[in-house]
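These notes concern the structure reproduced below.
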Amino acid sequence: MAKYMAQFKYSLDSVKGMVAKPQNRRAAAEKIFAAAGGKLEEMYYCFGEFDGFAIIDFPSNVDAASAVLAVGSSGAFSDIQTTVLIDMDESVEAMEKAHSIVGSYTPPAG
């Protein structure tokens, strides 16, 4: 399974709702990710550009995209940004492959 980081900003209505009725949103996140074949690994709130982020395992990009689209269509978020995460072993494998093919690319000439 591949790992993804989903960063999110709640809509104004969602923030109002959580302030009026404080609630742990982890169970709701786990439910939608599981419905798409994924598993929520971690979920945090944070300061800064985004209100929070989640680390999720999904079998495929299609599964990840389906969950993000379903959540996004709810209107509960004003922004969602999803990033594919690559572990260190895969990173080294990519570096090795890049090393073997680097001579195949011709940069633009001016």
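Here, A, B, ... name the chains of the structure tokens in the order displayed, residue numbers run from 1 inside each chain, and ligands are numbered from 1 in the same displayed order.
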
Report as CSV the residues of segment 33-92 of chain A within 12 Å of segment 13-27 of chain A, each with its shortest atom pair and distance in Å (one decimal), using only C-alpha atoms, ordered by chain and increasing residue number.
```
residue,atom,partner,partner_atom,distance
A:Phe33,CA,A:Ala27,CA,10.0
A:Ala34,CA,A:Ala27,CA,10.4
A:Lys39,CA,A:Ala27,CA,11.4
A:Leu40,CA,A:Arg26,CA,8.6
A:Glu41,CA,A:Arg26,CA,10.4
A:Glu42,CA,A:Arg26,CA,8.9
A:Met43,CA,A:Arg26,CA,7.0
A:Tyr44,CA,A:Arg26,CA,9.2
A:Tyr45,CA,A:Arg25,CA,10.4
A:Asp51,CA,A:Val15,CA,9.9
A:Gly52,CA,A:Arg25,CA,11.1
A:Phe53,CA,A:Arg26,CA,11.1
A:Ala54,CA,A:Arg26,CA,9.5
A:Ile55,CA,A:Arg26,CA,11.7
A:Ile56,CA,A:Arg26,CA,11.9
A:Ser74,CA,A:Ser14,CA,10.5
A:Gly75,CA,A:Ser14,CA,8.6
A:Ala76,CA,A:Ser14,CA,5.6
A:Phe77,CA,A:Ser14,CA,7.4
A:Ser78,CA,A:Ser14,CA,9.5
```

Can you list, as an mmCIF file with N, CA, C and O atoms, in the first residue's frame, every protein, DNA or RNA residue that comes within 9 Å of Asn61 of chain A when you count only C-alpha atoms, leaving out same-chain residues fewer than 4 positions away?
```cif
data_model
loop_
_atom_site.group_PDB
_atom_site.id
_atom_site.type_symbol
_atom_site.label_atom_id
_atom_site.label_comp_id
_atom_site.auth_asym_id
_atom_site.auth_seq_id
_atom_site.Cartn_x
_atom_site.Cartn_y
_atom_site.Cartn_z
ATOM 1 N N ALA A 2 0.451 2.242 -0.714
ATOM 2 C CA ALA A 2 1.170 3.513 -0.778
ATOM 3 C C ALA A 2 0.660 4.448 0.313
ATOM 4 O O ALA A 2 -0.493 4.359 0.735
ATOM 5 N N ALA A 65 -7.704 8.924 -4.580
ATOM 6 C CA ALA A 65 -8.448 10.002 -5.231
ATOM 7 C C ALA A 65 -9.943 9.898 -4.947
ATOM 8 O O ALA A 65 -10.610 10.913 -4.744
ATOM 9 N N SER A 66 -10.472 8.674 -4.912
ATOM 10 C CA SER A 66 -11.907 8.521 -4.658
ATOM 11 C C SER A 66 -12.273 9.035 -3.266
ATOM 12 O O SER A 66 -13.302 9.691 -3.099
ATOM 13 N N VAL A 84 1.615 12.226 -2.495
ATOM 14 C CA VAL A 84 2.093 10.846 -2.405
ATOM 15 C C VAL A 84 3.401 10.866 -1.625
ATOM 16 O O VAL A 84 4.276 11.693 -1.900
#
```

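Shortest separation to Gly37 of chain A among A:Pro108, A:Ala6, A:Glu49, A:Pro59 occurs at residue A:Pro59, atoms counted being only C-alpha atoms.
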
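For the atom pair formed by atom CA of Thr83 of chain A and atom CA of Lys3 of chain A, the distance is 8.7 Å, given to one decimal.
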
Next on the checklist: Restricting the calculation to only C-alpha atoms: of A:Cys46, A:Ile32, A:Met95, A:Ala67, which residue gets closest to Gln7 of chain A?
Outcome noted: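 Once distances to Gln7 of chain A are computed over only C-alpha atoms, the minimum belongs to A:Cys46.
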
Item to check | Residue list (strand (DSSP E), DSSP) for chain A, as a PyMOL selection string | outcome: chain A and resi 2-10+39-45+52-58+77-85

Item to check | Minimum-distance residue to Phe58 of chain A, chosen among A:Glu93, A:Ala35, A:Leu12, A:Gln81 (using only C-alpha atoms) | outcome: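 Checking each candidate against Phe58 of chain A, we get A:Ala35 as the closest.
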